[in-house]
Protein chains: 2
Amino acid sequence: MEFHELPRMPRGFTCASTSCGLKKEGDDLALFYSAVSANAAGVFTQNKFPGAPVILGRETIKRGRLSALVVNSKISNVGTGQIGVENARRMARAAARECGVPENEVMVSSTGVIAKQLPIEQIENAIVGLFQAMQPDPLVGARGIMTTDTHPKALSLSVGEAVLTLVAKGSGMIEPNLATMLVYAFTDAQLSTSGLDAMLRRAVDKSFNMLSVDTDTSTSDTCVILANGLAGKVDETQFYAALEMSCIEMAKRLARDGEGATKLILANIMGASTVAEAKIFAKAIINSPLIKTMAYGADPNIGRILMAIGKCTECDSLPEKIEIRINGVLVYANLNKTDFDEMLLRRLLSGEEVAIDVHLHLGAGCATAFGCDLTEGYIKENAAYYSS
Amino acid sequence: MEFHELPRMPRGFTCASTSCGLKKEGDDLALFYSAVSANAAGVFTQNKFPGAPVILGRETIKRGRLSALVVNSKISNVGTGQIGVENARRMARAAARECGVPENEVMVSSTGVIAKQLPIEQIENAIVGLFQAMQPDPLVGARGIMTTDTHPKALSLSVGEAVLTLVAKGSGMIEPNLATMLVYAFTDAQLSTSGLDAMLRRAVDKSFNMLSVDTDTSTSDTCVILANGLAGKVDETQFYAALEMSCIEMAKRLARDGEGATKLILANIMGASTVAEAKIFAKAIINSPLIKTMAYGADPNIGRILMAIGKCTECDSLPEKIEIRINGVLVYANLNKTDFDEMLLRRLLSGEEVAIDVHLHLGAGCATAFGCDLTEGYIKENAAYYSS
């Protein structure tokens, strides 16, 4: 299976985006639409301060059907109480009216600054007329949901007669917990709501739940899949493989475009006692600011990887059994062998992708986590995010 | 109780430092000595890759007596196998010979790069003759143990007739877990080994264990206290109060001088369901890169504090009960009240100390954690730590 060179929407899906004046420049409002009501499933942030759109979204997704998604960026409508929930409903209502679909088949998302009310009338006014601008190019919608992303993110691939398309935004406040940033998956395959739900949870667990840009779990994380059935039935095993592959690819793209990031860091753990422990090790590596800065500077300070494994005090590890590889090259294998080729290490660390493989030689637990380096760019963006 | 204006060593304690050529400039070797054998207690890192000095130190401290400490910086002697342990023993032996004390009363510490062997003969040679340079000024020893610290750290205060002195280094790879970076406490008070051990663990729990610069738990963390008894008995309640106060003050100084830091951040949690949950919330706040960068930029993005509380999914919190204060001023109190005075907030965040008080109004659990902001300076230091 291969991703399409230019991503496209599956049959029946279209999108549009516009500027409603929340951001100083660029689009800040997007609308996604399915010509026929779609079976749908979704997962949301586990943060205990979920945004108003998440509170409403949990209600909406219960029916298992969606016809439209409406998303604004710049203000996240989080920590905004009853007024916030009412504003989320007003966004759904405005989008429903514009698309001619039931209000309870519209999923709302908002992303941006926390603890600020939405200028709801501005958003309602901007939704009017948006339906006319609908296009089958997912990058159009992807552009409208960006915050600090440096480019819009969409991908698609074919599964038999059907197409699967993902649209996402990421960048900062990203260590999803049982859900993810904003990711929308669209397909014209015919799939049941319960089947979609099971596949989505399994794929998210291996992709977005193993992604971290900065250890901070957003209050707005939402991942939704819509299947409108226009392409008929598909091989479900093949569809799941496509979904998992797409989610992992998108997680990598989100990591690579993390705030200020210049590199993708992959932590591949093998031989841990359990899968759960492998996940903890993998996350410890991609979340360590010292490993992130080592990768950024291509500084051959690989002892920091030992530190990160060792700080997982609740997990099994034996210093004398550990092997570490960087981009496939063995760099640490034996407690007594601590000489390594410094120039080779610098070269291995200097590319745009740093894969850190750790074999614990204890059991069969494996996991991969997706992260990025930590640079002055992250500091710059986040020291003035509110103000910019 | 007040700290001495100029820190001094208690009776019978002296120290010296020198350069043995590990660092390009500045001292990199320190020796601390007690004229009479002292009762002693210590706690060490819980990282599963403890350095060779920690492996040896755990053995040494079992007897409860110490006469000297020898410390090098630049190379941490971690992940170095049997050769590393033998090198730690050789450091202890050289210091014992120089001071004329038993080898098993010498505590060794090493701090710096991981997975590199010590040039042990260089160190042994530098120890010879160091005894002659011994002085009662703790800043002399503090200078010899610095890595990326911007200034040496020592403080002292009087407890009755006795003096309590702390010498420490901190800066990076700092989120101690049941122990701490390098902290040495010296006193001429007469205290039992078991009493010292209990007091040390309790004080460390409220101070260094609540400190985090960058979430990374060092493989070398060591905190040791020596009591040589030369000042006779003291009021133990008063002594404990002095020890706790000193440890908290030193934790603050270590946070304030975290790698690249420009500000001290204090997270004070009140009204949590339990003390354990209060500690988790406090750590979540000081470890959030988004809060750290907000403080750095004095950006009034206080919604990030809600995010950090909410991402502690295992802890009780109710959005509608939470109150947040910055440096004593109420900035968030009600889900529906999300307007705040932006200029006031910017002013509150712009000082050298940002105290974030969060009241959960659920129970009696309180805790305070000590952290710092995240700046370009941290990135710069850690993208080339090995190379510099």
# chains A, B, ... in the order shown; residues from 1 in each chain; ligands from 1
$ closest_atom_pairs --of "stretch 227-262 of chain A" --to "stretch 358-378 of chain A" --cutoff "10 Å" --atoms "only C-alpha atoms" --output "Markdown table"
| residue | atom | partner | partner_atom | distance |
| --- | --- | --- | --- | --- |
| A:Ile248 | CA | A:Phe370 | CA | 8.8 |
| A:Ala251 | CA | A:Phe370 | CA | 6.9 |
| A:Lys252 | CA | A:Phe370 | CA | 6.1 |
| A:Arg253 | CA | A:Phe370 | CA | 9.4 |
| A:Leu254 | CA | A:Gly371 | CA | 8.7 |
| A:Ala255 | CA | A:Gly371 | CA | 5.0 |
| A:Arg256 | CA | A:Cys372 | CA | 5.9 |
| A:Asp257 | CA | A:Cys372 | CA | 8.0 |
| A:Gly258 | CA | A:Cys372 | CA | 6.5 |
| A:Glu259 | CA | A:Tyr378 | CA | 5.1 |
| A:Gly260 | CA | A:Gly377 | CA | 4.0 |
| A:Ala261 | CA | A:Asp373 | CA | 5.4 |
| A:Thr262 | CA | A:Asp373 | CA | 6.5 |
$ write_last_selection --atoms "N, CA, C and O atoms" --output "PDB file, in the first residue's frame"
ATOM      1  N   ILE A 248       0.292   5.940  11.780  1.00  0.00           N
ATOM      2  CA  ILE A 248       1.716   5.984  12.134  1.00  0.00           C
ATOM      3  C   ILE A 248       2.441   7.031  11.282  1.00  0.00           C
ATOM      4  O   ILE A 248       3.230   7.828  11.791  1.00  0.00           O
ATOM      5  N   ALA A 251       1.496  10.386  12.608  1.00  0.00           N
ATOM      6  CA  ALA A 251       2.168  10.649  13.891  1.00  0.00           C
ATOM      7  C   ALA A 251       3.607  11.099  13.628  1.00  0.00           C
ATOM      8  O   ALA A 251       4.107  12.040  14.254  1.00  0.00           O
ATOM      9  N   LYS A 252       4.278  10.434  12.677  1.00  0.00           N
ATOM     10  CA  LYS A 252       5.652  10.831  12.347  1.00  0.00           C
ATOM     11  C   LYS A 252       5.694  12.251  11.786  1.00  0.00           C
ATOM     12  O   LYS A 252       6.569  13.046  12.120  1.00  0.00           O
ATOM     13  N   ARG A 253       4.722  12.552  10.908  1.00  0.00           N
ATOM     14  CA  ARG A 253       4.713  13.900  10.323  1.00  0.00           C
ATOM     15  C   ARG A 253       4.454  14.954  11.391  1.00  0.00           C
ATOM     16  O   ARG A 253       5.011  16.049  11.358  1.00  0.00           O
ATOM     17  N   LEU A 254       3.573  14.636  12.354  1.00  0.00           N
ATOM     18  CA  LEU A 254       3.295  15.584  13.434  1.00  0.00           C
ATOM     19  C   LEU A 254       4.539  15.778  14.292  1.00  0.00           C
ATOM     20  O   LEU A 254       4.856  16.889  14.712  1.00  0.00           O
ATOM     21  N   ALA A 255       5.260  14.673  14.573  1.00  0.00           N
ATOM     22  CA  ALA A 255       6.479  14.771  15.384  1.00  0.00           C
ATOM     23  C   ALA A 255       7.523  15.620  14.663  1.00  0.00           C
ATOM     24  O   ALA A 255       8.098  16.537  15.237  1.00  0.00           O
ATOM     25  N   ARG A 256       7.718  15.311  13.390  1.00  0.00           N
ATOM     26  CA  ARG A 256       8.730  16.018  12.602  1.00  0.00           C
ATOM     27  C   ARG A 256       8.438  17.512  12.530  1.00  0.00           C
ATOM     28  O   ARG A 256       9.345  18.333  12.450  1.00  0.00           O
ATOM     29  N   ASP A 257       7.157  17.873  12.589  1.00  0.00           N
ATOM     30  CA  ASP A 257       6.778  19.287  12.540  1.00  0.00           C
ATOM     31  C   ASP A 257       6.405  19.810  13.926  1.00  0.00           C
ATOM     32  O   ASP A 257       5.686  20.782  14.071  1.00  0.00           O
ATOM     33  N   GLY A 258       6.895  19.138  14.999  1.00  0.00           N
ATOM     34  CA  GLY A 258       6.679  19.634  16.350  1.00  0.00           C
ATOM     35  C   GLY A 258       7.215  21.047  16.461  1.00  0.00           C
ATOM     36  O   GLY A 258       8.086  21.441  15.683  1.00  0.00           O
ATOM     37  N   GLU A 259       6.728  21.817  17.410  1.00  0.00           N
ATOM     38  CA  GLU A 259       7.134  23.220  17.515  1.00  0.00           C
ATOM     39  C   GLU A 259       8.652  23.354  17.585  1.00  0.00           C
ATOM     40  O   GLU A 259       9.286  22.798  18.482  1.00  0.00           O
ATOM     41  N   GLY A 260       9.212  24.048  16.662  1.00  0.00           N
ATOM     42  CA  GLY A 260      10.653  24.303  16.637  1.00  0.00           C
ATOM     43  C   GLY A 260      11.506  23.130  16.177  1.00  0.00           C
ATOM     44  O   GLY A 260      12.721  23.249  16.090  1.00  0.00           O
ATOM     45  N   ALA A 261      10.868  21.985  15.898  1.00  0.00           N
ATOM     46  CA  ALA A 261      11.650  20.769  15.620  1.00  0.00           C
ATOM     47  C   ALA A 261      12.409  20.838  14.301  1.00  0.00           C
ATOM     48  O   ALA A 261      11.934  21.409  13.322  1.00  0.00           O
ATOM     49  N   THR A 262      13.599  20.220  14.289  1.00  0.00           N
ATOM     50  CA  THR A 262      14.355  20.072  13.047  1.00  0.00           C
ATOM     51  C   THR A 262      14.524  18.597  12.685  1.00  0.00           C
ATOM     52  O   THR A 262      14.973  18.276  11.603  1.00  0.00           O
TER      53      THR A 262
END
$ residues_around --residues "stretch 25-28 of chain B" --least-positions-apart "4" --cutoff "12 Å" --atoms "only C-alpha atoms" --output "PDB file with C-alpha atoms, in the first residue's frame"
ATOM      1  CA  ALA B  16      40.184  21.894  48.998  1.00  0.00           C
ATOM      2  CA  SER B  17      39.801  21.840  45.255  1.00  0.00           C
ATOM      3  CA  THR B  18      42.121  21.703  42.270  1.00  0.00           C
ATOM      4  CA  SER B  19      42.261  21.125  38.552  1.00  0.00           C
ATOM      5  CA  CYS B  20      43.296  17.651  37.428  1.00  0.00           C
ATOM      6  CA  GLY B  21      42.792  18.493  33.756  1.00  0.00           C
ATOM      7  CA  VAL B  70      36.339  13.034  47.105  1.00  0.00           C
ATOM      8  CA  VAL B  71      34.533  14.346  44.031  1.00  0.00           C
ATOM      9  CA  ASN B  72      35.438  14.896  40.385  1.00  0.00           C
ATOM     10  CA  SER B  73      33.406  16.635  37.696  1.00  0.00           C
ATOM     11  CA  LYS B  74      33.287  16.337  33.846  1.00  0.00           C
ATOM     12  CA  ILE B  75      33.092  12.486  33.711  1.00  0.00           C
ATOM     13  CA  SER B  76      30.478  10.704  35.826  1.00  0.00           C
ATOM     14  CA  SER B 109      31.257  11.039  43.728  1.00  0.00           C
ATOM     15  CA  SER B 110      31.733  11.683  40.031  1.00  0.00           C
ATOM     16  CA  THR B 111      29.570  13.913  37.864  1.00  0.00           C
ATOM     17  CA  GLY B 112      29.556  14.681  34.138  1.00  0.00           C
ATOM     18  CA  GLN B 122      45.413  11.725  36.394  1.00  0.00           C
ATOM     19  CA  ILE B 123      42.978  11.918  39.316  1.00  0.00           C
ATOM     20  CA  ALA B 126      46.083  15.319  41.540  1.00  0.00           C
ATOM     21  CA  ILE B 127      44.913  14.089  44.961  1.00  0.00           C
ATOM     22  CA  LEU B 139      32.865  27.656  48.636  1.00  0.00           C
ATOM     23  CA  VAL B 140      36.333  26.281  47.868  1.00  0.00           C
ATOM     24  CA  GLY B 141      34.972  22.732  47.775  1.00  0.00           C
ATOM     25  CA  ALA B 142      31.758  23.859  46.069  1.00  0.00           C
ATOM     26  CA  ARG B 143      33.846  25.254  43.239  1.00  0.00           C
ATOM     27  CA  GLY B 144      35.544  21.925  42.618  1.00  0.00           C
ATOM     28  CA  ILE B 145      32.270  20.018  42.101  1.00  0.00           C
ATOM     29  CA  MET B 146      30.602  22.411  39.612  1.00  0.00           C
ATOM     30  CA  THR B 147      29.595  21.206  36.156  1.00  0.00           C
ATOM     31  CA  THR B 148      27.298  23.626  34.315  1.00  0.00           C
ATOM     32  CA  ASP B 149      26.440  25.548  37.510  1.00  0.00           C
ATOM     33  CA  THR B 150      27.056  29.255  37.002  1.00  0.00           C
ATOM     34  CA  HIS B 151      28.295  29.739  40.584  1.00  0.00           C
ATOM     35  CA  PRO B 152      29.396  27.575  43.533  1.00  0.00           C
ATOM     36  CA  SER B 388      32.244  21.457  25.188  1.00  0.00           C
TER      37      SER B 388
END
$ residues_around --residues "stretch 283-298 of chain A" --least-positions-apart "4" --cutoff "7 Å" --atoms "only C-alpha atoms" --output "number ranges by chain"
A: 212, 214-215, 265, 267, 279, 304-305, 308, 346, 349-350, 369-375; B: 214, 216, 379, 382-384
$ select_by_dssp --residues "stretch 155-312 of chain A" --states "alpha helix (DSSP H)" --output "PyMOL selection string"
chain A and resi 193-206+236-256+275-287+289-297+303-310
$ atom_distance --atom1 "atom CA of A:Gly129" --atom2 "atom CA of A:Leu31"
11.1 Å
$ select_by_dssp --residues "stretch 66-212 of chain B" --states "strand (DSSP E)" --output "count of residues only"
41
$ atom_distance --atom1 "atom CA of A:Cys315" --atom2 "atom CA of B:Thr217"
14.5 Å
$ residues_around --residues "stretch 96-108 of chain B" --least-positions-apart "4" --cutoff "9 Å" --atoms "only C-alpha atoms" --output "number ranges by chain"
B: 33, 37-38, 53-54, 56-57, 59-61, 63-72, 88-89, 91-92, 127-131, 224
$ residues_around --residues "stretch 78-85 of chain A" --least-positions-apart "6" --cutoff "10 Å" --atoms "only C-alpha atoms" --output "VMD selection string"
(chain A and resid 49 to 56 91 110 to 118 120 219 to 220) or (chain B and resid 303 306 to 307 319 to 320 332 334 to 338)
$ decode --residues "stretch 243-293 of chain A" --atoms "N, CA and C atoms" --output "PDB file, in the first residue's frame"
ATOM      1  N   LEU A 243      -5.326   1.861   7.807  1.00  0.00           N
ATOM      2  CA  LEU A 243      -5.582   2.853   8.859  1.00  0.00           C
ATOM      3  C   LEU A 243      -4.375   2.964   9.794  1.00  0.00           C
ATOM      4  N   GLU A 244      -3.829   1.812  10.224  1.00  0.00           N
ATOM      5  CA  GLU A 244      -2.680   1.831  11.139  1.00  0.00           C
ATOM      6  C   GLU A 244      -1.479   2.498  10.462  1.00  0.00           C
ATOM      7  N   MET A 245      -1.242   2.113   9.209  1.00  0.00           N
ATOM      8  CA  MET A 245      -0.127   2.688   8.460  1.00  0.00           C
ATOM      9  C   MET A 245      -0.294   4.210   8.321  1.00  0.00           C
ATOM     10  N   SER A 246      -1.518   4.642   8.054  1.00  0.00           N
ATOM     11  CA  SER A 246      -1.779   6.078   7.893  1.00  0.00           C
ATOM     12  C   SER A 246      -1.594   6.827   9.209  1.00  0.00           C
ATOM     13  N   CYS A 247      -2.075   6.222  10.301  1.00  0.00           N
ATOM     14  CA  CYS A 247      -1.962   6.887  11.610  1.00  0.00           C
ATOM     15  C   CYS A 247      -0.494   6.996  12.018  1.00  0.00           C
ATOM     16  N   ILE A 248       0.292   5.940  11.780  1.00  0.00           N
ATOM     17  CA  ILE A 248       1.716   5.984  12.134  1.00  0.00           C
ATOM     18  C   ILE A 248       2.441   7.031  11.282  1.00  0.00           C
ATOM     19  N   GLU A 249       2.136   7.045   9.998  1.00  0.00           N
ATOM     20  CA  GLU A 249       2.772   8.040   9.117  1.00  0.00           C
ATOM     21  C   GLU A 249       2.409   9.461   9.568  1.00  0.00           C
ATOM     22  N   MET A 250       1.126   9.661   9.919  1.00  0.00           N
ATOM     23  CA  MET A 250       0.716  11.000  10.351  1.00  0.00           C
ATOM     24  C   MET A 250       1.372  11.363  11.683  1.00  0.00           C
ATOM     25  N   ALA A 251       1.496  10.386  12.608  1.00  0.00           N
ATOM     26  CA  ALA A 251       2.168  10.649  13.891  1.00  0.00           C
ATOM     27  C   ALA A 251       3.607  11.099  13.628  1.00  0.00           C
ATOM     28  N   LYS A 252       4.278  10.434  12.677  1.00  0.00           N
ATOM     29  CA  LYS A 252       5.652  10.831  12.347  1.00  0.00           C
ATOM     30  C   LYS A 252       5.694  12.251  11.786  1.00  0.00           C
ATOM     31  N   ARG A 253       4.722  12.552  10.908  1.00  0.00           N
ATOM     32  CA  ARG A 253       4.713  13.900  10.323  1.00  0.00           C
ATOM     33  C   ARG A 253       4.454  14.954  11.391  1.00  0.00           C
ATOM     34  N   LEU A 254       3.573  14.636  12.354  1.00  0.00           N
ATOM     35  CA  LEU A 254       3.295  15.584  13.434  1.00  0.00           C
ATOM     36  C   LEU A 254       4.539  15.778  14.292  1.00  0.00           C
ATOM     37  N   ALA A 255       5.260  14.673  14.573  1.00  0.00           N
ATOM     38  CA  ALA A 255       6.479  14.771  15.384  1.00  0.00           C
ATOM     39  C   ALA A 255       7.523  15.620  14.663  1.00  0.00           C
ATOM     40  N   ARG A 256       7.718  15.311  13.390  1.00  0.00           N
ATOM     41  CA  ARG A 256       8.730  16.018  12.602  1.00  0.00           C
ATOM     42  C   ARG A 256       8.438  17.512  12.530  1.00  0.00           C
ATOM     43  N   ASP A 257       7.157  17.873  12.589  1.00  0.00           N
ATOM     44  CA  ASP A 257       6.778  19.287  12.540  1.00  0.00           C
ATOM     45  C   ASP A 257       6.405  19.810  13.926  1.00  0.00           C
ATOM     46  N   GLY A 258       6.895  19.138  14.999  1.00  0.00           N
ATOM     47  CA  GLY A 258       6.679  19.634  16.350  1.00  0.00           C
ATOM     48  C   GLY A 258       7.215  21.047  16.461  1.00  0.00           C
ATOM     49  N   GLU A 259       6.728  21.817  17.410  1.00  0.00           N
ATOM     50  CA  GLU A 259       7.134  23.220  17.515  1.00  0.00           C
ATOM     51  C   GLU A 259       8.652  23.354  17.585  1.00  0.00           C
ATOM     52  N   GLY A 260       9.212  24.048  16.662  1.00  0.00           N
ATOM     53  CA  GLY A 260      10.653  24.303  16.637  1.00  0.00           C
ATOM     54  C   GLY A 260      11.506  23.130  16.177  1.00  0.00           C
ATOM     55  N   ALA A 261      10.868  21.985  15.898  1.00  0.00           N
ATOM     56  CA  ALA A 261      11.650  20.769  15.620  1.00  0.00           C
ATOM     57  C   ALA A 261      12.409  20.838  14.301  1.00  0.00           C
ATOM     58  N   THR A 262      13.599  20.220  14.289  1.00  0.00           N
ATOM     59  CA  THR A 262      14.355  20.072  13.047  1.00  0.00           C
ATOM     60  C   THR A 262      14.524  18.597  12.685  1.00  0.00           C
ATOM     61  N   LYS A 263      14.194  17.695  13.636  1.00  0.00           N
ATOM     62  CA  LYS A 263      14.414  16.265  13.419  1.00  0.00           C
ATOM     63  C   LYS A 263      13.290  15.416  13.981  1.00  0.00           C
ATOM     64  N   LEU A 264      13.089  14.286  13.338  1.00  0.00           N
ATOM     65  CA  LEU A 264      12.204  13.249  13.874  1.00  0.00           C
ATOM     66  C   LEU A 264      13.055  12.306  14.723  1.00  0.00           C
ATOM     67  N   ILE A 265      12.592  11.996  15.928  1.00  0.00           N
ATOM     68  CA  ILE A 265      13.282  10.987  16.745  1.00  0.00           C
ATOM     69  C   ILE A 265      12.358   9.788  16.913  1.00  0.00           C
ATOM     70  N   LEU A 266      12.865   8.609  16.582  1.00  0.00           N
ATOM     71  CA  LEU A 266      12.098   7.378  16.770  1.00  0.00           C
ATOM     72  C   LEU A 266      12.779   6.584  17.868  1.00  0.00           C
ATOM     73  N   ALA A 267      12.014   6.131  18.848  1.00  0.00           N
ATOM     74  CA  ALA A 267      12.584   5.239  19.864  1.00  0.00           C
ATOM     75  C   ALA A 267      11.948   3.864  19.684  1.00  0.00           C
ATOM     76  N   ASN A 268      12.767   2.902  19.281  1.00  0.00           N
ATOM     77  CA  ASN A 268      12.288   1.527  19.084  1.00  0.00           C
ATOM     78  C   ASN A 268      12.806   0.659  20.211  1.00  0.00           C
ATOM     79  N   ILE A 269      11.896   0.145  21.017  1.00  0.00           N
ATOM     80  CA  ILE A 269      12.314  -0.707  22.138  1.00  0.00           C
ATOM     81  C   ILE A 269      12.028  -2.157  21.788  1.00  0.00           C
ATOM     82  N   MET A 270      12.995  -3.007  22.011  1.00  0.00           N
ATOM     83  CA  MET A 270      12.815  -4.451  21.832  1.00  0.00           C
ATOM     84  C   MET A 270      13.271  -5.161  23.099  1.00  0.00           C
ATOM     85  N   GLY A 271      12.714  -6.363  23.304  1.00  0.00           N
ATOM     86  CA  GLY A 271      13.211  -7.217  24.376  1.00  0.00           C
ATOM     87  C   GLY A 271      12.875  -6.747  25.775  1.00  0.00           C
ATOM     88  N   ALA A 272      11.871  -5.864  25.902  1.00  0.00           N
ATOM     89  CA  ALA A 272      11.438  -5.477  27.249  1.00  0.00           C
ATOM     90  C   ALA A 272      10.605  -6.607  27.860  1.00  0.00           C
ATOM     91  N   SER A 273      10.428  -6.562  29.175  1.00  0.00           N
ATOM     92  CA  SER A 273       9.674  -7.628  29.842  1.00  0.00           C
ATOM     93  C   SER A 273       8.236  -7.701  29.337  1.00  0.00           C
ATOM     94  N   THR A 274       7.624  -6.538  29.108  1.00  0.00           N
ATOM     95  CA  THR A 274       6.244  -6.499  28.618  1.00  0.00           C
ATOM     96  C   THR A 274       6.100  -5.353  27.611  1.00  0.00           C
ATOM     97  N   VAL A 275       5.006  -5.371  26.871  1.00  0.00           N
ATOM     98  CA  VAL A 275       4.727  -4.277  25.933  1.00  0.00           C
ATOM     99  C   VAL A 275       4.522  -2.971  26.708  1.00  0.00           C
ATOM    100  N   ALA A 276       3.852  -3.078  27.859  1.00  0.00           N
ATOM    101  CA  ALA A 276       3.602  -1.876  28.665  1.00  0.00           C
ATOM    102  C   ALA A 276       4.929  -1.222  29.069  1.00  0.00           C
ATOM    103  N   GLU A 277       5.896  -2.041  29.476  1.00  0.00           N
ATOM    104  CA  GLU A 277       7.193  -1.478  29.872  1.00  0.00           C
ATOM    105  C   GLU A 277       7.946  -0.941  28.660  1.00  0.00           C
ATOM    106  N   ALA A 278       7.818  -1.622  27.523  1.00  0.00           N
ATOM    107  CA  ALA A 278       8.456  -1.122  26.293  1.00  0.00           C
ATOM    108  C   ALA A 278       7.930   0.275  25.961  1.00  0.00           C
ATOM    109  N   LYS A 279       6.618   0.478  26.148  1.00  0.00           N
ATOM    110  CA  LYS A 279       6.036   1.800  25.880  1.00  0.00           C
ATOM    111  C   LYS A 279       6.591   2.855  26.827  1.00  0.00           C
ATOM    112  N   ILE A 280       6.755   2.508  28.099  1.00  0.00           N
ATOM    113  CA  ILE A 280       7.299   3.463  29.076  1.00  0.00           C
ATOM    114  C   ILE A 280       8.728   3.862  28.697  1.00  0.00           C
ATOM    115  N   PHE A 281       9.560   2.871  28.343  1.00  0.00           N
ATOM    116  CA  PHE A 281      10.936   3.171  27.918  1.00  0.00           C
ATOM    117  C   PHE A 281      10.944   4.075  26.675  1.00  0.00           C
ATOM    118  N   ALA A 282      10.111   3.710  25.692  1.00  0.00           N
ATOM    119  CA  ALA A 282      10.099   4.462  24.430  1.00  0.00           C
ATOM    120  C   ALA A 282       9.712   5.920  24.684  1.00  0.00           C
ATOM    121  N   LYS A 283       8.696   6.121  25.527  1.00  0.00           N
ATOM    122  CA  LYS A 283       8.262   7.475  25.867  1.00  0.00           C
ATOM    123  C   LYS A 283       9.343   8.214  26.659  1.00  0.00           C
ATOM    124  N   ALA A 284      10.033   7.506  27.570  1.00  0.00           N
ATOM    125  CA  ALA A 284      11.089   8.156  28.379  1.00  0.00           C
ATOM    126  C   ALA A 284      12.175   8.698  27.463  1.00  0.00           C
ATOM    127  N   ILE A 285      12.496   7.959  26.414  1.00  0.00           N
ATOM    128  CA  ILE A 285      13.547   8.415  25.490  1.00  0.00           C
ATOM    129  C   ILE A 285      13.099   9.646  24.700  1.00  0.00           C
ATOM    130  N   ILE A 286      11.907   9.570  24.089  1.00  0.00           N
ATOM    131  CA  ILE A 286      11.518  10.724  23.259  1.00  0.00           C
ATOM    132  C   ILE A 286      11.138  11.937  24.097  1.00  0.00           C
ATOM    133  N   ASN A 287      10.849  11.740  25.397  1.00  0.00           N
ATOM    134  CA  ASN A 287      10.500  12.883  26.249  1.00  0.00           C
ATOM    135  C   ASN A 287      11.685  13.486  26.978  1.00  0.00           C
ATOM    136  N   SER A 288      12.834  12.859  26.932  1.00  0.00           N
ATOM    137  CA  SER A 288      13.976  13.391  27.675  1.00  0.00           C
ATOM    138  C   SER A 288      14.519  14.652  26.998  1.00  0.00           C
ATOM    139  N   PRO A 289      14.482  15.796  27.684  1.00  0.00           N
ATOM    140  CA  PRO A 289      15.020  17.012  27.061  1.00  0.00           C
ATOM    141  C   PRO A 289      16.514  16.876  26.764  1.00  0.00           C
ATOM    142  N   LEU A 290      17.199  16.032  27.527  1.00  0.00           N
ATOM    143  CA  LEU A 290      18.637  15.886  27.286  1.00  0.00           C
ATOM    144  C   LEU A 290      18.910  15.065  26.027  1.00  0.00           C
ATOM    145  N   ILE A 291      18.056  14.077  25.740  1.00  0.00           N
ATOM    146  CA  ILE A 291      18.202  13.326  24.489  1.00  0.00           C
ATOM    147  C   ILE A 291      17.752  14.192  23.312  1.00  0.00           C
ATOM    148  N   LYS A 292      16.682  14.949  23.506  1.00  0.00           N
ATOM    149  CA  LYS A 292      16.172  15.825  22.441  1.00  0.00           C
ATOM    150  C   LYS A 292      17.229  16.879  22.041  1.00  0.00           C
ATOM    151  N   THR A 293      17.899  17.450  23.037  1.00  0.00           N
ATOM    152  CA  THR A 293      18.919  18.449  22.714  1.00  0.00           C
ATOM    153  C   THR A 293      20.177  17.782  22.156  1.00  0.00           C
TER     154      THR A 293
END
